[in-house]
>>> print(open('input_22.cif').read())   # mmCIF, C-alpha atoms and all ligand atoms
data_entry
#
loop_
_atom_site.group_PDB
_atom_site.id
_atom_site.type_symbol
_atom_site.label_atom_id
_atom_site.label_comp_id
_atom_site.auth_asym_id
_atom_site.auth_seq_id
_atom_site.Cartn_x
_atom_site.Cartn_y
_atom_site.Cartn_z
ATOM 1 C CA MET S 4 39.350 -8.909 2.003
ATOM 2 C CA ASP S 5 35.942 -8.571 0.404
ATOM 3 C CA THR S 6 35.050 -10.614 -2.626
ATOM 4 C CA LEU S 7 36.677 -9.117 -5.676
ATOM 5 C CA THR S 8 34.289 -7.010 -7.702
ATOM 6 C CA TYR S 9 36.775 -6.653 -10.476
ATOM 7 C CA THR S 10 38.622 -8.965 -12.831
ATOM 8 C CA LEU S 11 42.359 -9.248 -13.314
ATOM 9 C CA VAL S 12 43.235 -9.535 -16.997
ATOM 10 C CA PRO S 13 46.733 -10.947 -17.569
ATOM 11 C CA ILE S 14 48.339 -11.079 -21.003
ATOM 12 C CA ASP S 15 46.100 -13.182 -23.232
ATOM 13 C CA PRO S 16 47.447 -16.602 -24.256
ATOM 14 C CA GLN S 17 47.552 -15.865 -28.001
ATOM 15 C CA THR S 18 49.576 -12.702 -27.493
ATOM 16 C CA ALA S 19 51.892 -14.474 -25.078
ATOM 17 C CA ASP S 20 52.449 -17.358 -27.501
ATOM 18 C CA ALA S 21 53.208 -14.905 -30.328
ATOM 19 C CA LEU S 22 55.791 -13.190 -28.125
ATOM 20 C CA ARG S 23 57.328 -16.576 -27.258
ATOM 21 C CA ALA S 24 57.556 -17.428 -30.943
ATOM 22 C CA GLY S 25 59.204 -14.063 -31.611
ATOM 23 C CA GLY S 26 62.107 -14.739 -29.301
ATOM 24 C CA GLY S 27 62.666 -12.410 -26.391
ATOM 25 C CA VAL S 28 65.620 -12.424 -24.017
ATOM 26 C CA PRO S 29 65.877 -15.676 -22.026
ATOM 27 C CA TYR S 30 66.567 -15.757 -18.302
ATOM 28 C CA THR S 31 66.666 -18.523 -15.732
ATOM 29 C CA ALA S 32 65.129 -17.386 -12.459
ATOM 30 C CA ASP S 33 67.788 -17.180 -9.744
ATOM 31 C CA SER S 34 65.787 -15.349 -7.090
ATOM 32 C CA VAL S 35 62.219 -15.210 -5.812
ATOM 33 C CA PRO S 36 60.650 -12.734 -6.198
ATOM 34 C CA GLY S 37 62.447 -11.409 -9.228
ATOM 35 C CA TYR S 38 60.919 -12.750 -12.425
ATOM 36 C CA PRO S 39 57.168 -12.076 -12.350
ATOM 37 C CA CYS S 40 55.325 -13.864 -15.163
ATOM 38 C CA ARG S 41 52.491 -11.734 -16.543
ATOM 39 C CA GLN S 42 50.522 -14.691 -17.857
ATOM 40 C CA CYS S 43 50.153 -16.910 -14.765
ATOM 41 C CA LEU S 44 50.720 -13.971 -12.348
ATOM 42 C CA ARG S 45 53.285 -15.924 -10.345
ATOM 43 C CA ASP S 46 56.944 -15.161 -9.881
ATOM 44 C CA ALA S 47 59.039 -17.831 -11.558
ATOM 45 C CA ALA S 48 60.478 -20.411 -9.183
ATOM 46 C CA ILE S 49 64.245 -20.742 -9.068
ATOM 47 C CA GLY S 50 65.425 -22.603 -12.146
ATOM 48 C CA GLU S 51 62.330 -21.837 -14.242
ATOM 49 C CA GLU S 52 62.957 -20.280 -17.628
ATOM 50 C CA VAL S 53 61.363 -16.980 -18.572
ATOM 51 C CA LEU S 54 61.556 -14.595 -21.511
ATOM 52 C CA LEU S 55 61.821 -10.817 -21.306
ATOM 53 C CA VAL S 56 59.675 -9.338 -24.060
ATOM 54 C CA ALA S 57 58.043 -6.010 -24.950
ATOM 55 C CA HIS S 58 54.255 -5.867 -24.574
ATOM 56 C CA ASP S 59 51.746 -3.102 -25.246
ATOM 57 C CA PRO S 60 48.715 -3.687 -22.996
ATOM 58 C CA PHE S 61 46.496 -1.115 -24.738
ATOM 59 C CA THR S 62 43.669 -2.403 -26.888
ATOM 60 C CA MET S 63 42.932 0.914 -28.595
ATOM 61 C CA ASP S 64 44.813 3.967 -29.754
ATOM 62 C CA SER S 65 45.832 6.376 -27.002
ATOM 63 C CA PRO S 66 48.542 8.937 -26.350
ATOM 64 C CA TYR S 67 49.466 6.735 -23.388
ATOM 65 C CA ARG S 68 49.977 3.707 -25.581
ATOM 66 C CA SER S 69 53.412 2.145 -25.187
ATOM 67 C CA SER S 70 55.167 -1.156 -24.831
ATOM 68 C CA SER S 71 56.730 -2.119 -21.570
ATOM 69 C CA PRO S 72 59.135 -4.908 -20.643
ATOM 70 C CA ILE S 73 57.507 -7.992 -19.173
ATOM 71 C CA PHE S 74 58.543 -11.488 -18.205
ATOM 72 C CA ILE S 75 56.574 -14.516 -19.327
ATOM 73 C CA HIS S 76 57.381 -18.143 -18.668
ATOM 74 C CA ARG S 77 59.164 -19.683 -21.641
ATOM 75 C CA ASP S 78 56.588 -22.470 -21.665
ATOM 76 C CA PRO S 79 52.862 -21.635 -21.809
ATOM 77 C CA CYS S 80 51.259 -21.239 -18.378
ATOM 78 C CA THR S 81 47.863 -20.343 -17.013
ATOM 79 C CA PRO S 82 46.660 -18.069 -14.199
ATOM 80 C CA ASP S 83 45.447 -19.647 -10.986
ATOM 81 C CA ALA S 84 41.698 -19.657 -11.487
ATOM 82 C CA GLY S 85 39.297 -18.360 -8.913
ATOM 83 C CA ALA S 86 41.801 -17.703 -6.196
ATOM 84 C CA GLY S 87 39.686 -14.759 -5.080
ATOM 85 C CA VAL S 88 42.675 -12.841 -3.809
ATOM 86 C CA LEU S 89 45.262 -10.642 -5.439
ATOM 87 C CA PRO S 90 48.436 -12.491 -6.469
ATOM 88 C CA GLU S 91 51.438 -12.023 -4.219
ATOM 89 C CA GLN S 92 53.476 -10.863 -7.231
ATOM 90 C CA LEU S 93 51.322 -7.708 -7.126
ATOM 91 C CA THR S 94 50.905 -7.213 -3.396
ATOM 92 C CA CYS S 95 54.645 -7.585 -2.647
ATOM 93 C CA ARG S 96 55.799 -4.746 -4.921
ATOM 94 C CA LYS S 97 55.634 -0.984 -5.259
ATOM 95 C CA LEU S 98 53.107 -0.295 -7.973
ATOM 96 C CA SER S 99 52.042 2.498 -10.293
ATOM 97 C CA VAL S 100 48.281 2.220 -10.766
ATOM 98 C CA ARG S 101 46.676 4.090 -13.665
ATOM 99 C CA SER S 102 42.978 4.546 -14.340
ATOM 100 C CA PHE S 103 41.691 5.017 -17.896
ATOM 101 C CA ASP S 104 38.311 5.977 -19.315
ATOM 102 C CA LEU S 105 36.581 4.363 -22.297
ATOM 103 C CA LYS S 106 38.734 6.382 -24.702
ATOM 104 C CA ALA S 107 41.940 5.150 -23.024
ATOM 105 C CA MET S 108 42.654 8.570 -21.540
ATOM 106 C CA MET S 109 44.232 8.568 -18.093
ATOM 107 C CA ILE S 110 41.925 10.016 -15.464
ATOM 108 C CA ASP S 111 43.770 9.103 -12.275
ATOM 109 C CA ALA S 112 47.027 7.519 -11.140
ATOM 110 C CA SER S 113 48.710 6.607 -7.899
ATOM 111 C CA LEU S 114 52.032 5.274 -6.629
ATOM 112 C CA ILE S 115 51.316 2.683 -3.936
ATOM 113 C CA ASP S 116 52.575 -0.232 -1.912
ATOM 114 C CA GLY S 117 51.111 -3.395 -3.378
ATOM 115 C CA SER S 118 49.335 -4.108 -0.106
ATOM 116 C CA ASP S 119 47.098 -1.108 -0.962
ATOM 117 C CA LEU S 120 46.196 -2.405 -4.417
ATOM 118 C CA ASP S 121 42.719 -3.688 -3.564
ATOM 119 C CA ALA S 122 41.747 -0.391 -1.917
ATOM 120 C CA THR S 123 43.222 1.595 -4.805
ATOM 121 C CA ILE S 124 41.334 -0.403 -7.440
ATOM 122 C CA ARG S 125 38.087 0.059 -5.526
ATOM 123 C CA ARG S 126 38.722 3.780 -5.118
ATOM 124 C CA PHE S 127 39.434 4.224 -8.834
ATOM 125 C CA PHE S 128 36.359 2.218 -9.841
ATOM 126 C CA ASP S 129 34.232 4.386 -7.542
ATOM 127 C CA GLU S 130 34.688 6.936 -10.327
ATOM 128 C CA PRO S 131 32.014 5.970 -12.879
ATOM 129 C CA THR S 132 34.094 6.994 -15.910
ATOM 130 C CA SER S 133 36.925 4.652 -14.951
ATOM 131 C CA ALA S 134 36.724 1.766 -17.400
ATOM 132 C CA ARG S 135 40.051 0.031 -16.997
ATOM 133 C CA ILE S 136 43.075 0.109 -14.720
ATOM 134 C CA HIS S 137 46.647 -0.660 -15.669
ATOM 135 C CA VAL S 138 48.988 -1.830 -12.924
ATOM 136 C CA HIS S 139 52.723 -1.411 -13.460
ATOM 137 C CA ASN S 140 55.773 -2.358 -11.431
ATOM 138 C CA ALA S 141 56.698 1.138 -10.221
ATOM 139 C CA VAL S 142 60.444 0.552 -10.092
ATOM 140 C CA ARG S 143 61.189 -1.052 -13.455
ATOM 141 C CA GLY S 144 58.059 0.012 -15.293
ATOM 142 C CA CYS S 145 56.840 -3.414 -16.360
ATOM 143 C CA TRP S 146 53.137 -3.664 -17.061
ATOM 144 C CA ALA S 147 51.799 -6.145 -14.505
ATOM 145 C CA VAL S 148 48.111 -6.643 -15.180
ATOM 146 C CA THR S 149 45.017 -4.862 -16.463
ATOM 147 C CA VAL S 150 41.952 -4.648 -14.217
ATOM 148 C CA GLU S 151 38.391 -4.521 -15.538
ATOM 149 C CA ARG S 152 35.072 -4.236 -13.783
ATOM 150 C CA SER S 153 33.453 -7.631 -13.243
HETATM 151 ZN ZN ZN R 201 53.746 -17.955 -16.113
#
>>> encode(input="input_22.cif", output="structure tokens", more="lines below")
Ligand SMILES: [Zn+2]
Amino acid sequence: MDTLTYTLVPIDPQTADALRAGGGVPYTADSVPGYPCRQCLRDAAIGEEVLLVAHDPFTMDSPYRSSSPIFIHRDPCTPDAGAGVLPEQLTCRKLSVRSFDLKAMMIDASLIDGSDLDATIRRFFDEPTSARIHVHNAVRGCWAVTVERS
């Protein structure tokens, strides 16, 4: 894989901590994969505690704006820094990939196997008006990560 020319943007720590403080539905991971944390971008290991919470990944008003269900570790966690590759929690799943312009209007979308995520991100960012990409778990709808140009 080429060097990433884009940046994965997981849920930000302040938002994640606010969601933790607000409760959520607790689960203990009993399968891997199965409980993908959207802060550290790893699936929880068996026995780790996660919370199911609602998160709206949009940062501005948009007709597409909505909350989706996401898991986060019950305890604060951090993404693996500088791995240089896409996390397995993304590449192992069927994904819905949605490209938005600067006004948060959807300009393209695709249903893919996670193994095609890198190529799909690059293809969407070949379109100059594409400002941001949202990746969702295609089956259950969970927002997975936002992608921005580096
Ligand atoms: Zn985590």
>>> closest_residue(input="input_22.cif", among="S:Glu151, S:Asp111, S:Asp15, S:Asp46", to="ligand ZN 201 (chain R)", atoms="all atoms listed in the file")
S:Asp46
>>> residues_near_ligand(input="input_22.cif", ligand="ligand ZN 201 (chain R)", cutoff="10 Å", atoms="all atoms listed in the file", output="list in words")
Ala19, Tyr38, Pro39, Cys40, Arg41, Gln42, Cys43, Leu44, Arg45, Asp46, Ala47, Ala48, Glu51, Glu52, Val53, Phe74, Ile75, His76, Arg77, Asp78, Pro79, Cys80, Thr81, Pro82 and Asp83 of chain S
>>> residues_around(input="input_22.cif", residues="Ser69 of chain S", least_positions_apart="5", cutoff="8 Å", atoms="only C-alpha atoms", output="number ranges by chain")
S: 59-61
>>> closest_residue(input="input_22.cif", among="S:Leu55, S:Ala147, S:Ile124, S:Arg152", to="Gln92 of chain S", atoms="only C-alpha atoms")
S:Ala147
>>> residues_around(input="input_22.cif", residues="segment 133-140 of chain S", least_positions_apart="3", cutoff="9 Å", atoms="all atoms listed in the file", output="ChimeraX atom specification")
/S:60,93,96-107,109-111,120,124,127-130,143-152
>>> atom_distance(input="input_22.cif", atom1="atom CA of Ile73 of chain S", atom2="atom CA of Val142 of chain S")
12.8 Å
>>> atom_distance(input="input_22.cif", atom1="atom CA of Arg23 of chain S", atom2="atom CA of Tyr67 of chain S")
24.9 Å
>>> closest_residue(input="input_22.cif", among="S:Ala32, S:Leu11, S:Val88, S:Ala21", to="Ala57 of chain S", atoms="all atoms listed in the file")
S:Ala21
>>> atom_distance(input="input_22.cif", atom1="atom CA of Leu114 of chain S", atom2="atom CA of Ala141 of chain S")
7.2 Å
>>> closest_residue(input="input_22.cif", among="S:Pro16, S:Ile49, S:Glu91, S:Leu54", to="Pro29 of chain S", atoms="all atoms listed in the file")
S:Leu54
>>> closest_residue(input="input_22.cif", among="S:Ser65, S:Ser71, S:Ser34, S:Thr94", to="Gly117 of chain S", atoms="all atoms listed in the file")
S:Thr94
>>> closest_residue(input="input_22.cif", among="S:Leu22, S:Cys95, S:Met108, S:Val35", to="Asp64 of chain S", atoms="all atoms listed in the file")
S:Met108
>>> axis_aligned_box(input="input_22.cif", around="segment 38-44 of chain S", padding_each_side="3 Å", output="AutoDock Vina command-line options")
--center_x 55.5 --center_y -14.3 --center_z -15.1 --size_x 16.8 --size_y 11.2 --size_z 11.5
